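With compact mmCIF, C-alpha atoms and all ligand atoms inside, this is my_file-v4.txt:
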```txt
# COMPACT_ATOMS: atom_id res chain seq x y z
CA MET Q 145 -38.48 -9.80 -10.11
CA THR Q 146 -40.01 -7.35 -12.59
CA VAL Q 147 -38.67 -7.01 -16.11
CA ARG Q 148 -37.35 -3.54 -15.24
CA ARG Q 149 -35.45 -4.85 -12.22
CA THR Q 150 -34.05 -7.72 -14.25
CA VAL Q 151 -32.83 -5.26 -16.88
CA LEU Q 152 -31.24 -3.12 -14.16
CA VAL Q 153 -29.43 -6.11 -12.66
CA VAL Q 154 -28.17 -7.19 -16.09
CA VAL Q 155 -26.95 -3.66 -16.91
CA ALA Q 156 -25.26 -3.30 -13.52
CA THR Q 157 -23.55 -6.68 -13.90
CA ALA Q 158 -22.35 -5.81 -17.40
CA ALA Q 159 -21.00 -2.45 -16.15
CA LEU Q 160 -19.13 -4.22 -13.36
CA ILE Q 161 -17.56 -6.67 -15.81
CA VAL Q 162 -16.48 -3.84 -18.15
CA PHE Q 163 -15.01 -1.92 -15.17
CA SER Q 164 -13.10 -5.01 -13.99
CA VAL Q 165 -11.65 -5.57 -17.45
CA LEU Q 166 -10.60 -1.91 -17.71
CA VAL Q 167 -8.95 -2.01 -14.27
CA GLY Q 168 -7.18 -5.22 -15.24
CA GLN Q 169 -5.69 -3.62 -18.34
CA ALA Q 170 -3.84 -0.83 -16.55
CA LYS Q 171 -2.51 -0.30 -13.07
CA THR Q 172 -2.24 3.45 -12.58
CA ILE Q 173 -1.74 5.40 -9.40
CA SER Q 174 -2.11 9.14 -8.90
CA ASP Q 175 0.20 11.26 -6.76
CA PRO Q 176 -0.38 14.81 -5.44
CA ASP Q 177 1.09 18.07 -6.75
CA GLU Q 178 3.79 18.55 -4.13
CA THR Q 179 4.99 22.03 -5.03
CA SER Q 180 8.28 21.83 -3.11
CA ILE Q 181 9.50 19.16 -5.51
CA ALA Q 182 11.79 20.73 -8.12
CA HIS Q 183 11.52 19.09 -11.56
CA HIS Q 184 10.13 15.62 -11.37
CA ASP Q 185 7.04 15.83 -9.19
CA VAL Q 186 5.14 12.66 -10.01
CA GLU Q 187 1.48 13.09 -11.06
CA SER Q 188 0.78 9.48 -12.04
CA THR Q 189 2.53 6.22 -12.71
CA THR Q 190 1.40 3.22 -14.71
CA LEU Q 191 2.90 -0.27 -14.74
CA VAL Q 192 1.46 -2.68 -17.31
CA LYS Q 193 2.43 -5.87 -19.07
CA PRO Q 194 2.28 -5.03 -22.81
CA SER Q 195 3.52 -8.46 -23.90
CA ALA Q 196 4.92 -11.66 -22.41
CA GLY Q 197 8.34 -11.09 -20.87
CA HIS Q 198 8.07 -7.29 -20.71
CA LEU Q 199 6.78 -4.58 -18.42
CA ALA Q 200 6.06 -1.00 -19.45
CA TRP Q 201 6.53 1.72 -16.85
CA LYS Q 202 5.28 5.24 -17.55
CA THR Q 203 5.50 8.20 -15.19
CA VAL Q 204 3.76 11.52 -15.84
CA THR Q 205 4.90 14.59 -13.90
CA TRP Q 206 3.02 17.77 -12.97
CA ASP Q 207 5.54 19.97 -14.80
CA THR Q 208 7.48 19.71 -18.04
CA TRP Q 209 11.21 19.00 -17.92
CA ALA Q 210 14.17 18.54 -20.23
CA SER Q 211 15.68 15.06 -20.41
CA ASP Q 212 19.10 16.29 -19.26
CA THR Q 213 17.65 17.39 -15.92
CA LEU Q 214 17.32 13.71 -15.02
CA VAL Q 215 21.00 13.55 -14.16
CA GLY Q 216 22.28 10.35 -12.57
CA PRO Q 217 23.38 8.29 -10.91
CA SER Q 218 22.29 9.38 -7.43
CA ALA Q 219 21.17 12.98 -7.85
CA GLY Q 220 18.35 12.91 -10.36
CA ALA Q 221 17.32 9.44 -11.37
CA LEU Q 222 13.73 8.31 -11.58
CA THR Q 223 13.54 4.89 -9.99
CA LEU Q 224 10.98 2.11 -9.99
CA TYR Q 225 11.37 -0.31 -7.07
CA LEU Q 226 10.14 -3.87 -7.57
CA ASP Q 227 9.49 -6.33 -4.74
CA THR Q 228 8.97 -9.69 -6.46
CA ARG Q 229 10.01 -12.32 -3.92
CA GLY Q 230 10.62 -13.09 -0.28
CA GLY Q 231 10.60 -10.33 2.34
CA PRO Q 232 9.45 -6.71 2.05
CA ALA Q 233 12.57 -5.18 0.48
CA ALA Q 234 12.98 -4.31 -3.21
CA ASP Q 235 14.60 -7.09 -5.24
CA TYR Q 236 15.15 -5.01 -8.38
CA VAL Q 237 15.19 -1.36 -9.40
CA VAL Q 238 14.55 0.19 -12.82
CA ARG Q 239 16.43 3.44 -13.17
CA ILE Q 240 15.84 6.13 -15.80
CA GLN Q 241 18.55 8.76 -15.97
CA TRP Q 242 20.42 11.09 -18.28
CA VAL Q 243 23.85 9.79 -19.30
CA SER Q 244 26.14 12.70 -20.15
CA VAL Q 245 28.69 10.72 -22.17
CA SER Q 246 26.05 9.47 -24.60
CA SER Q 247 23.81 12.56 -24.31
CA ALA Q 248 20.79 10.31 -23.95
CA LEU Q 249 18.37 8.94 -21.41
CA SER Q 250 18.99 5.37 -20.34
CA CYS Q 251 16.76 2.88 -18.61
CA GLN Q 252 18.22 -0.12 -16.83
CA LEU Q 253 16.90 -3.00 -14.78
CA GLU Q 254 19.37 -3.38 -11.93
CA LYS Q 255 19.88 -5.13 -8.63
CA PRO Q 256 19.41 -2.74 -5.68
CA GLY Q 257 23.21 -2.61 -5.32
CA GLY Q 258 23.53 -1.28 -8.88
CA ALA Q 259 24.53 -4.42 -10.83
CA LEU Q 260 23.05 -4.37 -14.33
CA VAL Q 261 20.42 -7.05 -15.00
CA ASP Q 262 19.00 -5.92 -18.36
CA ALA Q 263 18.60 -2.81 -20.50
CA GLY Q 264 15.23 -1.22 -21.27
CA ASP Q 265 13.95 1.03 -24.04
CA VAL Q 266 13.25 4.59 -22.87
CA SER Q 267 11.11 7.22 -24.60
CA ARG Q 268 9.47 10.58 -23.88
CA PRO Q 269 5.76 10.41 -24.82
CA SER Q 270 5.54 14.11 -23.91
CA GLN Q 271 7.56 16.85 -22.19
CA SER Q 272 6.00 15.81 -18.89
CA ALA Q 273 6.27 12.04 -19.27
CA VAL Q 274 8.81 9.27 -19.62
CA ARG Q 275 8.30 5.61 -20.45
CA CYS Q 276 10.51 2.55 -20.19
CA VAL Q 277 9.79 -0.93 -21.53
CA PHE Q 278 12.06 -3.51 -19.93
CA PRO Q 279 12.46 -7.29 -20.15
CA THR Q 280 11.36 -9.39 -17.18
CA ASN Q 281 12.89 -12.75 -18.15
CA ALA Q 282 15.71 -12.36 -15.63
CA ILE Q 283 13.39 -11.41 -12.76
CA THR Q 284 12.78 -14.19 -10.25
CA LYS Q 285 9.38 -14.03 -8.63
CA ASP Q 286 7.50 -15.98 -5.98
CA LYS Q 287 4.63 -13.61 -5.14
CA THR Q 288 2.45 -10.82 -6.53
CA THR Q 289 4.76 -7.99 -7.56
CA ARG Q 290 4.70 -4.84 -5.41
CA TRP Q 291 6.11 -1.56 -6.77
CA ARG Q 292 6.67 2.08 -6.03
CA VAL Q 293 8.39 5.02 -7.73
CA GLU Q 294 10.81 7.60 -6.42
CA SER Q 295 12.32 10.67 -8.06
CA ALA Q 296 15.34 12.50 -6.70
CA PRO Q 297 15.38 15.91 -8.42
CA SER Q 298 18.25 17.74 -6.78
CA PHE Q 299 18.40 17.20 -3.04
CA ALA Q 300 17.35 14.28 -0.92
CA LEU Q 301 14.81 16.50 0.85
CA ASN Q 302 13.00 17.02 -2.44
CA ASP Q 303 12.54 13.37 -3.27
CA ASP Q 304 9.07 12.55 -4.47
CA LYS Q 305 7.63 9.16 -3.63
CA ALA Q 306 4.63 7.70 -5.42
CA PRO Q 307 2.74 6.44 -3.57
CA ASN Q 308 3.85 8.61 -0.63
CA THR Q 309 3.79 5.57 1.63
CA GLY Q 310 3.72 1.85 0.99
CA TRP Q 311 3.61 -0.10 -2.24
CA VAL Q 312 1.23 -0.70 -5.13
CA ARG Q 313 0.23 -4.33 -5.29
CA GLY Q 314 0.00 -5.97 -8.70
CA VAL Q 315 0.67 -5.05 -12.30
CA GLY Q 316 -1.98 -4.06 -14.85
CA CA B 1 3.92 14.16 -6.55
CA CA B 2 4.44 11.94 -3.69
```

Would you kindly transcribe this structure into structure tokens?
Ligand SMILES: [Ca+2]
Ligand SMILES: [Ca+2]
Amino acid sequence: MTVRRTVLVVVATAALIVFSVLVGQAKTISDPDETSIAHHDVESTTLVKPSAGHLAWKTVTWDTWASDTLVGPSAGALTLYLDTRGGPAADYVVRIQWVSVSSALSCQLEKPGGALVDAGDVSRPSQSAVRCVFPTNAITKDKTTRWRVESAPSFALNDDKAPNTGWVRGVG
């Protein structure tokens, strides 16, 4: 092997390692601009583990929106589905929605039936993004976590799924 080829192999290997580390730090998926979706058309979603015992979920939308358009419980919530154990169904959901009585966004980790598991901290990094950091101590898990996001702007027909089919495997 010539010196030049050796250098090339070393550079390529280093680039691969850097890429792997970057990918490991964030799990982000992109979703298309589906123009029929009213307010909360998902552009990208990231799920990362910022510290032990927490997950941070951030969704960016194609358009800007006011927090009070995310009206819950069933009409306009943004929901993260988590499949952490057993069969293919979601074991937990994380729901971000506007609560009229407190005039604030809330983020809750719940069982699929709606029972509260834990509360999260919600914020708006921008007018087209929302972020929720929630505790994971109460989540029971026996496999690699799978997740997907769904927004329900106004009518069931306008739901946006990200990804459009299937699940994302693993957390960044
Ligand atoms: Ca979309
Ligand atoms: Ca979609």

Residues of chain Q that approach ligand CA 2 (chain B) to 12 Å or less, counting all atoms listed in the file: could you list each one with the shortest pair of atoms and its distance in Å to one decimal, rows by chain and increasing residue number, as JSON lines?
```
{"residue": "Q:Ile173", "atom": "CA", "partner": "B:CA2", "partner_atom": "CA", "distance": 10.7}
{"residue": "Q:Ser174", "atom": "CA", "partner": "B:CA2", "partner_atom": "CA", "distance": 8.8}
{"residue": "Q:Asp175", "atom": "CA", "partner": "B:CA2", "partner_atom": "CA", "distance": 5.3}
{"residue": "Q:Pro176", "atom": "CA", "partner": "B:CA2", "partner_atom": "CA", "distance": 5.9}
{"residue": "Q:Asp177", "atom": "CA", "partner": "B:CA2", "partner_atom": "CA", "distance": 7.6}
{"residue": "Q:Glu178", "atom": "CA", "partner": "B:CA2", "partner_atom": "CA", "distance": 6.7}
{"residue": "Q:Thr179", "atom": "CA", "partner": "B:CA2", "partner_atom": "CA", "distance": 10.2}
{"residue": "Q:Ser180", "atom": "CA", "partner": "B:CA2", "partner_atom": "CA", "distance": 10.6}
{"residue": "Q:Ile181", "atom": "CA", "partner": "B:CA2", "partner_atom": "CA", "distance": 9.0}
{"residue": "Q:His184", "atom": "CA", "partner": "B:CA2", "partner_atom": "CA", "distance": 10.2}
{"residue": "Q:Asp185", "atom": "CA", "partner": "B:CA2", "partner_atom": "CA", "distance": 7.2}
{"residue": "Q:Val186", "atom": "CA", "partner": "B:CA2", "partner_atom": "CA", "distance": 6.4}
{"residue": "Q:Glu187", "atom": "CA", "partner": "B:CA2", "partner_atom": "CA", "distance": 8.0}
{"residue": "Q:Ser188", "atom": "CA", "partner": "B:CA2", "partner_atom": "CA", "distance": 9.4}
{"residue": "Q:Thr189", "atom": "CA", "partner": "B:CA2", "partner_atom": "CA", "distance": 10.9}
{"residue": "Q:Thr205", "atom": "CA", "partner": "B:CA2", "partner_atom": "CA", "distance": 10.6}
{"residue": "Q:Trp206", "atom": "CA", "partner": "B:CA2", "partner_atom": "CA", "distance": 11.1}
{"residue": "Q:Arg292", "atom": "CA", "partner": "B:CA2", "partner_atom": "CA", "distance": 10.4}
{"residue": "Q:Val293", "atom": "CA", "partner": "B:CA2", "partner_atom": "CA", "distance": 8.9}
{"residue": "Q:Glu294", "atom": "CA", "partner": "B:CA2", "partner_atom": "CA", "distance": 8.2}
{"residue": "Q:Ser295", "atom": "CA", "partner": "B:CA2", "partner_atom": "CA", "distance": 9.1}
{"residue": "Q:Ala296", "atom": "CA", "partner": "B:CA2", "partner_atom": "CA", "distance": 11.3}
{"residue": "Q:Asn302", "atom": "CA", "partner": "B:CA2", "partner_atom": "CA", "distance": 10.0}
{"residue": "Q:Asp303", "atom": "CA", "partner": "B:CA2", "partner_atom": "CA", "distance": 8.2}
{"residue": "Q:Asp304", "atom": "CA", "partner": "B:CA2", "partner_atom": "CA", "distance": 4.7}
{"residue": "Q:Lys305", "atom": "CA", "partner": "B:CA2", "partner_atom": "CA", "distance": 4.2}
{"residue": "Q:Ala306", "atom": "CA", "partner": "B:CA2", "partner_atom": "CA", "distance": 4.6}
{"residue": "Q:Pro307", "atom": "CA", "partner": "B:CA2", "partner_atom": "CA", "distance": 5.8}
{"residue": "Q:Asn308", "atom": "CA", "partner": "B:CA2", "partner_atom": "CA", "distance": 4.6}
{"residue": "Q:Thr309", "atom": "CA", "partner": "B:CA2", "partner_atom": "CA", "distance": 8.3}
{"residue": "Q:Gly310", "atom": "CA", "partner": "B:CA2", "partner_atom": "CA", "distance": 11.1}
```

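Remark: for ligand CA 1 (chain B), the closest of the candidate residues Q:Ala282, Q:Ala221, Q:Ala248, Q:Val204 is Q:Val204 (distances computed over all atoms listed in the file).
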
Hey, what's within 8 Å of Asp212 of chain Q if we count only C-alpha atoms and toss same-chain stuff fewer than 5 positions away? As a PyMOL selection string, please?
-> chain Q and resi 242+244+247-249

So, counting all atoms listed in the file, which residue among Q:Val245, Q:Leu199, Q:Ala234, Q:Ala210 is closest to Gly264 of chain Q?
->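 Looking at the shortest contact to Gly264 of chain Q, the residue is Q:Leu199.
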
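Here atom CA of Thr203 of chain Q stands at a distance of 12.3 Å from atom CA of Val238 of chain Q.
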
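For the pair atom CA of Val192 of chain Q and atom CA of Arg275 of chain Q, the interatomic distance is 11.2 Å.
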
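The spacing separating atom CA of Val277 of chain Q from atom CA of Gly230 of chain Q amounts to 24.5 Å.
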
Pick the closest to ligand CA 1 (chain B) from Q:Val243, Q:His183, Q:Val315, Q:Ser195: which is it, counting only C-alpha atoms and all ligand atoms?
->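 For ligand CA 1 (chain B), the nearest of the candidates is Q:His183.
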
Name the residues within 12 Å of (11.7, -2.9, -22.4), counting only C-alpha atoms in the file's coordinates, and put them as a VMD selection string.
-> chain Q and resid 191 to 202 238 240 250 to 253 262 to 267 275 to 281
